[in-house]
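Quick look at target39.cif (mmCIF, N, CA and C atoms):
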data_protein
loop_
_atom_site.label_atom_id
_atom_site.label_comp_id
_atom_site.auth_asym_id
_atom_site.auth_seq_id
_atom_site.Cartn_x
_atom_site.Cartn_y
_atom_site.Cartn_z
N MET T 207 162.40 -7.16 169.71
CA MET T 207 162.77 -5.80 170.08
C MET T 207 163.16 -5.81 171.55
N GLY T 208 164.33 -5.29 171.81
CA GLY T 208 164.82 -5.21 173.17
C GLY T 208 164.34 -3.95 173.86
N ILE T 209 164.76 -3.80 175.10
CA ILE T 209 164.36 -2.65 175.91
C ILE T 209 164.84 -1.35 175.26
N ARG T 210 166.01 -1.36 174.67
CA ARG T 210 166.56 -0.17 174.01
C ARG T 210 165.65 0.25 172.86
N GLY T 211 165.18 -0.73 172.09
CA GLY T 211 164.29 -0.43 170.97
C GLY T 211 162.97 0.16 171.43
N ILE T 212 162.45 -0.36 172.53
CA ILE T 212 161.20 0.17 173.09
C ILE T 212 161.38 1.61 173.55
N ILE T 213 162.47 1.87 174.25
CA ILE T 213 162.75 3.22 174.74
C ILE T 213 162.93 4.19 173.57
N ASP T 214 163.69 3.77 172.58
CA ASP T 214 163.90 4.64 171.41
C ASP T 214 162.60 4.88 170.66
N GLY T 215 161.76 3.85 170.56
CA GLY T 215 160.47 4.00 169.90
C GLY T 215 159.58 4.99 170.63
N LYS T 216 159.56 4.91 171.95
CA LYS T 216 158.75 5.87 172.73
C LYS T 216 159.30 7.28 172.58
N ARG T 217 160.60 7.42 172.59
CA ARG T 217 161.22 8.74 172.44
C ARG T 217 160.86 9.33 171.08
N TYR T 218 160.96 8.50 170.03
CA TYR T 218 160.62 8.95 168.69
C TYR T 218 159.15 9.37 168.64
N TRP T 219 158.25 8.54 169.19
CA TRP T 219 156.82 8.84 169.12
C TRP T 219 156.49 10.12 169.89
N ARG T 220 157.08 10.32 171.04
CA ARG T 220 156.83 11.55 171.81
C ARG T 220 157.28 12.79 171.04
N ALA T 221 158.42 12.70 170.39
CA ALA T 221 158.91 13.83 169.59
C ALA T 221 157.96 14.07 168.41
N HIS T 222 157.47 12.99 167.82
CA HIS T 222 156.52 13.11 166.71
C HIS T 222 155.24 13.79 167.17
N VAL T 223 154.69 13.36 168.29
CA VAL T 223 153.46 13.95 168.83
C VAL T 223 153.66 15.42 169.15
N ALA T 224 154.83 15.78 169.67
CA ALA T 224 155.13 17.19 169.96
C ALA T 224 155.12 18.02 168.68
N ARG T 225 155.65 17.47 167.60
CA ARG T 225 155.63 18.19 166.32
C ARG T 225 154.20 18.38 165.83
N VAL T 226 153.36 17.36 165.99
CA VAL T 226 151.96 17.46 165.57
C VAL T 226 151.25 18.53 166.40
N LYS T 227 151.49 18.55 167.70
CA LYS T 227 150.84 19.53 168.58
C LYS T 227 151.27 20.95 168.26
N ALA T 228 152.43 21.11 167.67
CA ALA T 228 152.92 22.44 167.31
C ALA T 228 152.29 22.98 166.03
N LEU T 229 151.59 22.13 165.29
CA LEU T 229 150.93 22.57 164.06
C LEU T 229 149.72 23.44 164.39
N PRO T 230 149.32 24.32 163.49
CA PRO T 230 148.08 25.10 163.68
C PRO T 230 146.88 24.15 163.78
N PRO T 231 145.81 24.61 164.41
CA PRO T 231 144.65 23.72 164.65
C PRO T 231 144.09 23.04 163.40
N ASP T 232 143.98 23.75 162.28
CA ASP T 232 143.41 23.11 161.09
C ASP T 232 144.31 21.99 160.57
N TYR T 233 145.60 22.20 160.59
CA TYR T 233 146.54 21.16 160.19
C TYR T 233 146.48 19.97 161.15
N ARG T 234 146.41 20.26 162.43
CA ARG T 234 146.38 19.21 163.45
C ARG T 234 145.13 18.34 163.29
N ILE T 235 144.00 18.96 163.05
CA ILE T 235 142.75 18.21 162.87
C ILE T 235 142.85 17.28 161.66
N VAL T 236 143.34 17.81 160.56
CA VAL T 236 143.46 17.00 159.34
C VAL T 236 144.47 15.87 159.57
N TYR T 237 145.60 16.17 160.22
CA TYR T 237 146.59 15.13 160.50
C TYR T 237 145.98 14.01 161.34
N GLU T 238 145.25 14.37 162.37
CA GLU T 238 144.65 13.36 163.26
C GLU T 238 143.64 12.49 162.51
N GLU T 239 142.88 13.08 161.59
CA GLU T 239 141.95 12.29 160.79
C GLU T 239 142.71 11.36 159.83
N MET T 240 143.79 11.86 159.26
CA MET T 240 144.60 11.02 158.39
C MET T 240 145.21 9.86 159.17
N GLN T 241 145.68 10.15 160.35
CA GLN T 241 146.28 9.11 161.20
C GLN T 241 145.25 8.03 161.53
N LYS T 242 144.03 8.43 161.89
CA LYS T 242 142.97 7.44 162.16
C LYS T 242 142.71 6.59 160.92
N TYR T 243 142.65 7.23 159.77
CA TYR T 243 142.41 6.51 158.52
C TYR T 243 143.50 5.48 158.26
N PHE T 244 144.75 5.90 158.42
CA PHE T 244 145.86 4.98 158.18
C PHE T 244 145.88 3.84 159.19
N PHE T 245 145.52 4.11 160.43
CA PHE T 245 145.50 3.05 161.43
C PHE T 245 144.40 2.04 161.13
N LYS T 246 143.34 2.44 160.46
CA LYS T 246 142.25 1.52 160.11
C LYS T 246 142.59 0.69 158.89
N VAL T 247 142.98 1.32 157.81
CA VAL T 247 143.16 0.62 156.54
C VAL T 247 144.59 0.68 156.03
N GLY T 248 145.42 1.35 156.76
CA GLY T 248 146.72 1.74 156.26
C GLY T 248 147.67 0.64 155.87
N PRO T 249 148.80 1.06 155.42
CA PRO T 249 149.80 0.14 154.90
C PRO T 249 150.38 -0.73 156.01
N VAL T 250 150.79 -1.92 155.61
CA VAL T 250 151.39 -2.86 156.54
C VAL T 250 152.68 -2.28 157.12
N ASP T 251 153.39 -1.50 156.33
CA ASP T 251 154.67 -0.94 156.78
C ASP T 251 154.52 0.41 157.47
N LEU T 252 153.35 0.71 158.00
CA LEU T 252 153.12 1.98 158.70
C LEU T 252 154.04 2.12 159.91
N ALA T 253 154.38 1.01 160.52
CA ALA T 253 155.20 1.04 161.74
C ALA T 253 156.61 1.57 161.51
N ASP T 254 157.08 1.61 160.28
CA ASP T 254 158.44 2.11 160.05
C ASP T 254 158.56 3.61 160.29
N GLY T 255 157.43 4.30 160.36
CA GLY T 255 157.42 5.70 160.77
C GLY T 255 157.65 6.73 159.70
N THR T 256 157.97 6.35 158.49
CA THR T 256 158.30 7.35 157.48
C THR T 256 157.06 8.04 156.92
N LEU T 257 155.93 7.34 156.83
CA LEU T 257 154.73 7.94 156.27
C LEU T 257 154.21 9.08 157.15
N LEU T 258 154.01 8.81 158.42
CA LEU T 258 153.45 9.83 159.31
C LEU T 258 154.42 10.99 159.51
N SER T 259 155.70 10.69 159.67
CA SER T 259 156.65 11.80 159.84
C SER T 259 156.78 12.60 158.55
N GLY T 260 156.64 11.94 157.40
CA GLY T 260 156.68 12.66 156.12
C GLY T 260 155.50 13.61 155.98
N ILE T 261 154.33 13.19 156.48
CA ILE T 261 153.16 14.06 156.44
C ILE T 261 153.40 15.28 157.31
N VAL T 262 153.97 15.08 158.49
CA VAL T 262 154.25 16.22 159.37
C VAL T 262 155.27 17.15 158.72
N ASP T 263 156.29 16.60 158.08
CA ASP T 263 157.25 17.43 157.34
C ASP T 263 156.54 18.27 156.28
N PHE T 264 155.68 17.63 155.51
CA PHE T 264 154.92 18.30 154.46
C PHE T 264 154.04 19.40 155.03
N PHE T 265 153.37 19.11 156.15
CA PHE T 265 152.52 20.11 156.78
C PHE T 265 153.33 21.27 157.35
N GLU T 266 154.49 20.98 157.93
CA GLU T 266 155.34 22.06 158.45
C GLU T 266 155.80 22.98 157.33
N GLU T 267 156.10 22.42 156.18
CA GLU T 267 156.47 23.25 155.02
C GLU T 267 155.29 24.11 154.58
N GLY T 268 154.09 23.54 154.61
CA GLY T 268 152.89 24.29 154.24
C GLY T 268 152.64 25.46 155.19
N VAL T 269 152.85 25.21 156.48
CA VAL T 269 152.70 26.27 157.47
C VAL T 269 153.72 27.37 157.21
N ALA T 270 154.97 26.98 156.93
CA ALA T 270 156.04 27.95 156.69
C ALA T 270 155.76 28.83 155.48
N THR T 271 155.07 28.28 154.48
CA THR T 271 154.76 29.07 153.29
C THR T 271 153.45 29.83 153.41
N GLY T 272 152.73 29.60 154.52
CA GLY T 272 151.49 30.33 154.76
C GLY T 272 150.27 29.77 154.06
N LYS T 273 150.35 28.53 153.62
CA LYS T 273 149.22 27.91 152.94
C LYS T 273 148.31 27.21 153.94
N GLY T 274 147.03 27.16 153.62
CA GLY T 274 146.08 26.40 154.41
C GLY T 274 146.22 24.92 154.10
N VAL T 275 145.82 24.08 155.02
CA VAL T 275 145.99 22.64 154.85
C VAL T 275 145.23 22.12 153.63
N LEU T 276 144.05 22.64 153.37
CA LEU T 276 143.28 22.16 152.21
C LEU T 276 143.86 22.64 150.89
N GLU T 277 144.64 23.72 150.92
CA GLU T 277 145.36 24.14 149.72
C GLU T 277 146.43 23.11 149.35
N LEU T 278 146.98 22.45 150.37
CA LEU T 278 148.03 21.47 150.13
C LEU T 278 147.48 20.12 149.67
N ILE T 279 146.42 19.67 150.32
CA ILE T 279 145.96 18.29 150.07
C ILE T 279 144.67 18.20 149.30
N GLY T 280 143.93 19.29 149.17
CA GLY T 280 142.64 19.27 148.49
C GLY T 280 141.50 19.04 149.46
N ASP T 281 140.29 19.01 148.94
CA ASP T 281 139.11 18.88 149.79
C ASP T 281 138.83 17.45 150.24
N ASP T 282 139.32 16.47 149.52
CA ASP T 282 139.04 15.07 149.84
C ASP T 282 140.24 14.45 150.54
N VAL T 283 140.18 14.44 151.87
CA VAL T 283 141.30 13.95 152.67
C VAL T 283 141.52 12.46 152.42
N ALA T 284 140.43 11.69 152.35
CA ALA T 284 140.57 10.24 152.13
C ALA T 284 141.22 9.94 150.78
N ALA T 285 140.88 10.68 149.76
CA ALA T 285 141.50 10.48 148.44
C ALA T 285 142.99 10.79 148.49
N PHE T 286 143.35 11.83 149.23
CA PHE T 286 144.77 12.17 149.40
C PHE T 286 145.50 11.02 150.11
N CYS T 287 144.88 10.48 151.16
CA CYS T 287 145.47 9.36 151.89
C CYS T 287 145.62 8.14 151.00
N ASP T 288 144.57 7.84 150.23
CA ASP T 288 144.62 6.69 149.32
C ASP T 288 145.74 6.85 148.31
N ASP T 289 145.94 8.06 147.83
CA ASP T 289 147.00 8.31 146.86
C ASP T 289 148.38 8.08 147.47
N LEU T 290 148.52 8.43 148.75
CA LEU T 290 149.81 8.24 149.42
C LEU T 290 150.17 6.76 149.56
N ILE T 291 149.17 5.92 149.74
CA ILE T 291 149.44 4.50 149.98
C ILE T 291 149.05 3.60 148.82
N LYS T 292 148.84 4.17 147.66
CA LYS T 292 148.33 3.41 146.52
C LYS T 292 149.24 2.25 146.12
N ASP T 293 150.53 2.36 146.32
CA ASP T 293 151.45 1.29 145.94
C ASP T 293 151.87 0.42 147.11
N SER T 294 151.26 0.63 148.27
CA SER T 294 151.62 -0.13 149.47
C SER T 294 150.61 -1.23 149.72
N ARG T 295 151.09 -2.30 150.26
CA ARG T 295 150.19 -3.39 150.67
C ARG T 295 149.51 -2.97 151.97
N THR T 296 148.18 -3.11 152.02
CA THR T 296 147.42 -2.68 153.19
C THR T 296 146.80 -3.87 153.89
N TYR T 297 146.35 -3.62 155.12
CA TYR T 297 145.64 -4.65 155.86
C TYR T 297 144.33 -5.01 155.16
N THR T 298 143.75 -4.07 154.47
CA THR T 298 142.55 -4.33 153.69
C THR T 298 142.85 -5.33 152.58
N ASP T 299 144.00 -5.18 151.92
CA ASP T 299 144.40 -6.14 150.89
C ASP T 299 144.54 -7.55 151.47
N ILE T 300 145.16 -7.65 152.61
CA ILE T 300 145.35 -8.95 153.26
C ILE T 300 144.00 -9.56 153.60
N HIS T 301 143.10 -8.73 154.11
CA HIS T 301 141.77 -9.23 154.46
C HIS T 301 141.03 -9.72 153.22
N ARG T 302 141.08 -8.95 152.15
CA ARG T 302 140.41 -9.35 150.91
C ARG T 302 140.96 -10.68 150.40
N GLU T 303 142.28 -10.82 150.45
CA GLU T 303 142.90 -12.06 149.97
C GLU T 303 142.47 -13.25 150.81
N SER T 304 142.34 -13.05 152.12
CA SER T 304 141.91 -14.16 152.96
C SER T 304 140.47 -14.53 152.70
N ILE T 305 139.64 -13.56 152.38
CA ILE T 305 138.23 -13.82 152.06
C ILE T 305 138.12 -14.53 150.71
N ASP T 306 138.94 -14.09 149.76
CA ASP T 306 138.92 -14.70 148.44
C ASP T 306 139.43 -16.15 148.46
N GLY T 307 140.09 -16.51 149.55
CA GLY T 307 140.57 -17.89 149.70
C GLY T 307 141.78 -18.22 148.87
N LYS T 308 142.58 -17.24 148.57
CA LYS T 308 143.80 -17.53 147.82
C LYS T 308 144.76 -18.26 148.75
N PRO T 309 145.19 -19.46 148.35
CA PRO T 309 146.06 -20.23 149.23
C PRO T 309 147.41 -19.55 149.44
N GLY T 310 147.87 -19.58 150.69
CA GLY T 310 149.18 -19.04 151.01
C GLY T 310 149.22 -17.55 151.20
N THR T 311 148.08 -16.86 151.15
CA THR T 311 148.11 -15.41 151.28
C THR T 311 147.65 -14.93 152.64
N ALA T 312 146.84 -15.73 153.34
CA ALA T 312 146.34 -15.30 154.66
C ALA T 312 147.49 -15.26 155.64
N GLY T 313 147.56 -14.18 156.40
CA GLY T 313 148.58 -14.06 157.44
C GLY T 313 149.94 -13.61 156.95
N THR T 314 150.05 -13.20 155.71
CA THR T 314 151.35 -12.71 155.24
C THR T 314 151.38 -11.21 155.21
#
Rewrite the structure from the file as structure tokens, please.
Amino acid sequence: MGIRGIIDGKRYWRAHVARVKALPPDYRIVYEEMQKYFFKVGPVDLADGTLLSGIVDFFEEGVATGKGVLELIGDDVAAFCDDLIKDSRTYTDIHRESIDGKPGTAGT
């Protein structure tokens, strides 16, 4: 990644954070918890930015329709997060594979 990519990445992230800060407090709290969850166990392709920005899009639509955040995602935030990444390879999967000792899977 060159300097242009770094600058564009920072610009994108700042715009993303501004959108999150514009959400109502209940949405913002839930988003921040989801973000922490994804950063811990989340998908390997989290860096492409579509998952987190998609969540903000979804939350902005919920705000526009006047729904509460728990009306959109339900009471179990972790289950909602797991459902979003159910078909994605996660760092947890990689860790499990390395523990299981499957040859050729560690570090991929």
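In this structure, CA of Val262 (chain T) sits 15.9 Å away from CA of Phe245 (chain T).
Put simply, CA of Tyr218 (chain T) is 10.1 Å away from CA of Ser259 (chain T).
Distance annotation: of T:Phe286, T:Tyr297, T:Trp219, T:Phe264, the residue with the minimal separation from Glu239 (chain T) is T:Phe286; atom set is only C-alpha atoms.
Between CA of Asp263 (chain T) and CA of Lys246 (chain T) the interatomic distance comes to 22.0 Å.
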task: Mind checking which residues fall within 8 Å of region 220-229 of chain T, counting only N, CA and C atoms, ignoring those fewer than 6 positions away in the same chain, and posting them as a PyMOL selection string?
output: chain T and resi 214+235+237+258-259+262+265-266+269
Going by DSSP on the backbone, which residues of chain T come out as helix (DSSP H, G or I)? List them as a compact mmCIF listing (two decimals) with N, CA and C atoms, in the frame of the given file.
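Result file is part_37.txt:
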# COMPACT_ATOMS: atom_id res chain seq x y z
N ILE T 209 164.76 -3.80 175.10
CA ILE T 209 164.36 -2.65 175.91
C ILE T 209 164.84 -1.35 175.26
N ARG T 210 166.01 -1.36 174.67
CA ARG T 210 166.56 -0.17 174.01
C ARG T 210 165.65 0.25 172.86
N GLY T 211 165.18 -0.73 172.09
CA GLY T 211 164.29 -0.43 170.97
C GLY T 211 162.97 0.16 171.43
N ILE T 212 162.45 -0.36 172.53
CA ILE T 212 161.20 0.17 173.09
C ILE T 212 161.38 1.61 173.55
N ILE T 213 162.47 1.87 174.25
CA ILE T 213 162.75 3.22 174.74
C ILE T 213 162.93 4.19 173.57
N ASP T 214 163.69 3.77 172.58
CA ASP T 214 163.90 4.64 171.41
C ASP T 214 162.60 4.88 170.66
N GLY T 215 161.76 3.85 170.56
CA GLY T 215 160.47 4.00 169.90
C GLY T 215 159.58 4.99 170.63
N LYS T 216 159.56 4.91 171.95
CA LYS T 216 158.75 5.87 172.73
C LYS T 216 159.30 7.28 172.58
N ARG T 217 160.60 7.42 172.59
CA ARG T 217 161.22 8.74 172.44
C ARG T 217 160.86 9.33 171.08
N TYR T 218 160.96 8.50 170.03
CA TYR T 218 160.62 8.95 168.69
C TYR T 218 159.15 9.37 168.64
N TRP T 219 158.25 8.54 169.19
CA TRP T 219 156.82 8.84 169.12
C TRP T 219 156.49 10.12 169.89
N ARG T 220 157.08 10.32 171.04
CA ARG T 220 156.83 11.55 171.81
C ARG T 220 157.28 12.79 171.04
N ALA T 221 158.42 12.70 170.39
CA ALA T 221 158.91 13.83 169.59
C ALA T 221 157.96 14.07 168.41
N HIS T 222 157.47 12.99 167.82
CA HIS T 222 156.52 13.11 166.71
C HIS T 222 155.24 13.79 167.17
N VAL T 223 154.69 13.36 168.29
CA VAL T 223 153.46 13.95 168.83
C VAL T 223 153.66 15.42 169.15
N ALA T 224 154.83 15.78 169.67
CA ALA T 224 155.13 17.19 169.96
C ALA T 224 155.12 18.02 168.68
N ARG T 225 155.65 17.47 167.60
CA ARG T 225 155.63 18.19 166.32
C ARG T 225 154.20 18.38 165.83
N VAL T 226 153.36 17.36 165.99
CA VAL T 226 151.96 17.46 165.57
C VAL T 226 151.25 18.53 166.40
N LYS T 227 151.49 18.55 167.70
CA LYS T 227 150.84 19.53 168.58
C LYS T 227 151.27 20.95 168.26
N PRO T 231 145.81 24.61 164.41
CA PRO T 231 144.65 23.72 164.65
C PRO T 231 144.09 23.04 163.40
N ASP T 232 143.98 23.75 162.28
CA ASP T 232 143.41 23.11 161.09
C ASP T 232 144.31 21.99 160.57
N TYR T 233 145.60 22.20 160.59
CA TYR T 233 146.54 21.16 160.19
C TYR T 233 146.48 19.97 161.15
N ARG T 234 146.41 20.26 162.43
CA ARG T 234 146.38 19.21 163.45
C ARG T 234 145.13 18.34 163.29
N ILE T 235 144.00 18.96 163.05
CA ILE T 235 142.75 18.21 162.87
C ILE T 235 142.85 17.28 161.66
N VAL T 236 143.34 17.81 160.56
CA VAL T 236 143.46 17.00 159.34
C VAL T 236 144.47 15.87 159.57
N TYR T 237 145.60 16.17 160.22
CA TYR T 237 146.59 15.13 160.50
C TYR T 237 145.98 14.01 161.34
N GLU T 238 145.25 14.37 162.37
CA GLU T 238 144.65 13.36 163.26
C GLU T 238 143.64 12.49 162.51
N GLU T 239 142.88 13.08 161.59
CA GLU T 239 141.95 12.29 160.79
C GLU T 239 142.71 11.36 159.83
N MET T 240 143.79 11.86 159.26
CA MET T 240 144.60 11.02 158.39
C MET T 240 145.21 9.86 159.17
N GLN T 241 145.68 10.15 160.35
CA GLN T 241 146.28 9.11 161.20
C GLN T 241 145.25 8.03 161.53
N LYS T 242 144.03 8.43 161.89
CA LYS T 242 142.97 7.44 162.16
C LYS T 242 142.71 6.59 160.92
N TYR T 243 142.65 7.23 159.77
CA TYR T 243 142.41 6.51 158.52
C TYR T 243 143.50 5.48 158.26
N PHE T 244 144.75 5.90 158.42
CA PHE T 244 145.86 4.98 158.18
C PHE T 244 145.88 3.84 159.19
N PHE T 245 145.52 4.11 160.43
CA PHE T 245 145.50 3.05 161.43
C PHE T 245 144.40 2.04 161.13
N LYS T 246 143.34 2.44 160.46
CA LYS T 246 142.25 1.52 160.11
C LYS T 246 142.59 0.69 158.89
N VAL T 247 142.98 1.32 157.81
CA VAL T 247 143.16 0.62 156.54
C VAL T 247 144.59 0.68 156.03
N VAL T 250 150.79 -1.92 155.61
CA VAL T 250 151.39 -2.86 156.54
C VAL T 250 152.68 -2.28 157.12
N ASP T 251 153.39 -1.50 156.33
CA ASP T 251 154.67 -0.94 156.78
C ASP T 251 154.52 0.41 157.47
N LEU T 252 153.35 0.71 158.00
CA LEU T 252 153.12 1.98 158.70
C LEU T 252 154.04 2.12 159.91
N ALA T 253 154.38 1.01 160.52
CA ALA T 253 155.20 1.04 161.74
C ALA T 253 156.61 1.57 161.51
N ASP T 254 157.08 1.61 160.28
CA ASP T 254 158.44 2.11 160.05
C ASP T 254 158.56 3.61 160.29
N THR T 256 157.97 6.35 158.49
CA THR T 256 158.30 7.35 157.48
C THR T 256 157.06 8.04 156.92
N LEU T 257 155.93 7.34 156.83
CA LEU T 257 154.73 7.94 156.27
C LEU T 257 154.21 9.08 157.15
N LEU T 258 154.01 8.81 158.42
CA LEU T 258 153.45 9.83 159.31
C LEU T 258 154.42 10.99 159.51
N SER T 259 155.70 10.69 159.67
CA SER T 259 156.65 11.80 159.84
C SER T 259 156.78 12.60 158.55
N GLY T 260 156.64 11.94 157.40
CA GLY T 260 156.68 12.66 156.12
C GLY T 260 155.50 13.61 155.98
N ILE T 261 154.33 13.19 156.48
CA ILE T 261 153.16 14.06 156.44
C ILE T 261 153.40 15.28 157.31
N VAL T 262 153.97 15.08 158.49
CA VAL T 262 154.25 16.22 159.37
C VAL T 262 155.27 17.15 158.72
N ASP T 263 156.29 16.60 158.08
CA ASP T 263 157.25 17.43 157.34
C ASP T 263 156.54 18.27 156.28
N PHE T 264 155.68 17.63 155.51
CA PHE T 264 154.92 18.30 154.46
C PHE T 264 154.04 19.40 155.03
N PHE T 265 153.37 19.11 156.15
CA PHE T 265 152.52 20.11 156.78
C PHE T 265 153.33 21.27 157.35
N GLU T 266 154.49 20.98 157.93
CA GLU T 266 155.34 22.06 158.45
C GLU T 266 155.80 22.98 157.33
N GLU T 267 156.10 22.42 156.18
CA GLU T 267 156.47 23.25 155.02
C GLU T 267 155.29 24.11 154.58
N GLY T 268 154.09 23.54 154.61
CA GLY T 268 152.89 24.29 154.24
C GLY T 268 152.64 25.46 155.19
N VAL T 269 152.85 25.21 156.48
CA VAL T 269 152.70 26.27 157.47
C VAL T 269 153.72 27.37 157.21
N ALA T 270 154.97 26.98 156.93
CA ALA T 270 156.04 27.95 156.69
C ALA T 270 155.76 28.83 155.48
N THR T 271 155.07 28.28 154.48
CA THR T 271 154.76 29.07 153.29
C THR T 271 153.45 29.83 153.41
N VAL T 275 145.82 24.08 155.02
CA VAL T 275 145.99 22.64 154.85
C VAL T 275 145.23 22.12 153.63
N LEU T 276 144.05 22.64 153.37
CA LEU T 276 143.28 22.16 152.21
C LEU T 276 143.86 22.64 150.89
N GLU T 277 144.64 23.72 150.92
CA GLU T 277 145.36 24.14 149.72
C GLU T 277 146.43 23.11 149.35
N LEU T 278 146.98 22.45 150.37
CA LEU T 278 148.03 21.47 150.13
C LEU T 278 147.48 20.12 149.67
N ILE T 279 146.42 19.67 150.32
CA ILE T 279 145.96 18.29 150.07
C ILE T 279 144.67 18.20 149.30
N VAL T 283 140.18 14.44 151.87
CA VAL T 283 141.30 13.95 152.67
C VAL T 283 141.52 12.46 152.42
N ALA T 284 140.43 11.69 152.35
CA ALA T 284 140.57 10.24 152.13
C ALA T 284 141.22 9.94 150.78
N ALA T 285 140.88 10.68 149.76
CA ALA T 285 141.50 10.48 148.44
C ALA T 285 142.99 10.79 148.49
N PHE T 286 143.35 11.83 149.23
CA PHE T 286 144.77 12.17 149.40
C PHE T 286 145.50 11.02 150.11
N CYS T 287 144.88 10.48 151.16
CA CYS T 287 145.47 9.36 151.89
C CYS T 287 145.62 8.14 151.00
N ASP T 288 144.57 7.84 150.23
CA ASP T 288 144.62 6.69 149.32
C ASP T 288 145.74 6.85 148.31
N ASP T 289 145.94 8.06 147.83
CA ASP T 289 147.00 8.31 146.86
C ASP T 289 148.38 8.08 147.47
N LEU T 290 148.52 8.43 148.75
CA LEU T 290 149.81 8.24 149.42
C LEU T 290 150.17 6.76 149.56
N TYR T 297 146.35 -3.62 155.12
CA TYR T 297 145.64 -4.65 155.86
C TYR T 297 144.33 -5.01 155.16
N THR T 298 143.75 -4.07 154.47
CA THR T 298 142.55 -4.33 153.69
C THR T 298 142.85 -5.33 152.58
N ASP T 299 144.00 -5.18 151.92
CA ASP T 299 144.40 -6.14 150.89
C ASP T 299 144.54 -7.55 151.47
N ILE T 300 145.16 -7.65 152.61
CA ILE T 300 145.35 -8.95 153.26
C ILE T 300 144.00 -9.56 153.60
N HIS T 301 143.10 -8.73 154.11
CA HIS T 301 141.77 -9.23 154.46
C HIS T 301 141.03 -9.72 153.22
N ARG T 302 141.08 -8.95 152.15
CA ARG T 302 140.41 -9.35 150.91
C ARG T 302 140.96 -10.68 150.40
N GLU T 303 142.28 -10.82 150.45
CA GLU T 303 142.90 -12.06 149.97
C GLU T 303 142.47 -13.25 150.81
N SER T 304 142.34 -13.05 152.12
CA SER T 304 141.91 -14.16 152.96
C SER T 304 140.47 -14.53 152.70
N ILE T 305 139.64 -13.56 152.38
CA ILE T 305 138.23 -13.82 152.06
C ILE T 305 138.12 -14.53 150.71
N ASP T 306 138.94 -14.09 149.76
CA ASP T 306 138.92 -14.70 148.44
C ASP T 306 139.43 -16.15 148.46
field: For region 290-293 of chain T: contacts at 8 Å, all atoms listed in the file, fewer than 6 positions along chain excluded, given as number ranges by chain
entry: T: 248-249, 284
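With all atoms listed in the file as the atoms that count, the minimum distance from Val236 (chain T) to the choices T:Leu278, T:Ile212, T:Leu257, T:Val283 is reached by T:Val283.
The closest residue to Val275 (chain T), picked from T:Asp289, T:Glu238, T:Asp306, T:Asp232 and counting only C-alpha atoms, is T:Asp232.
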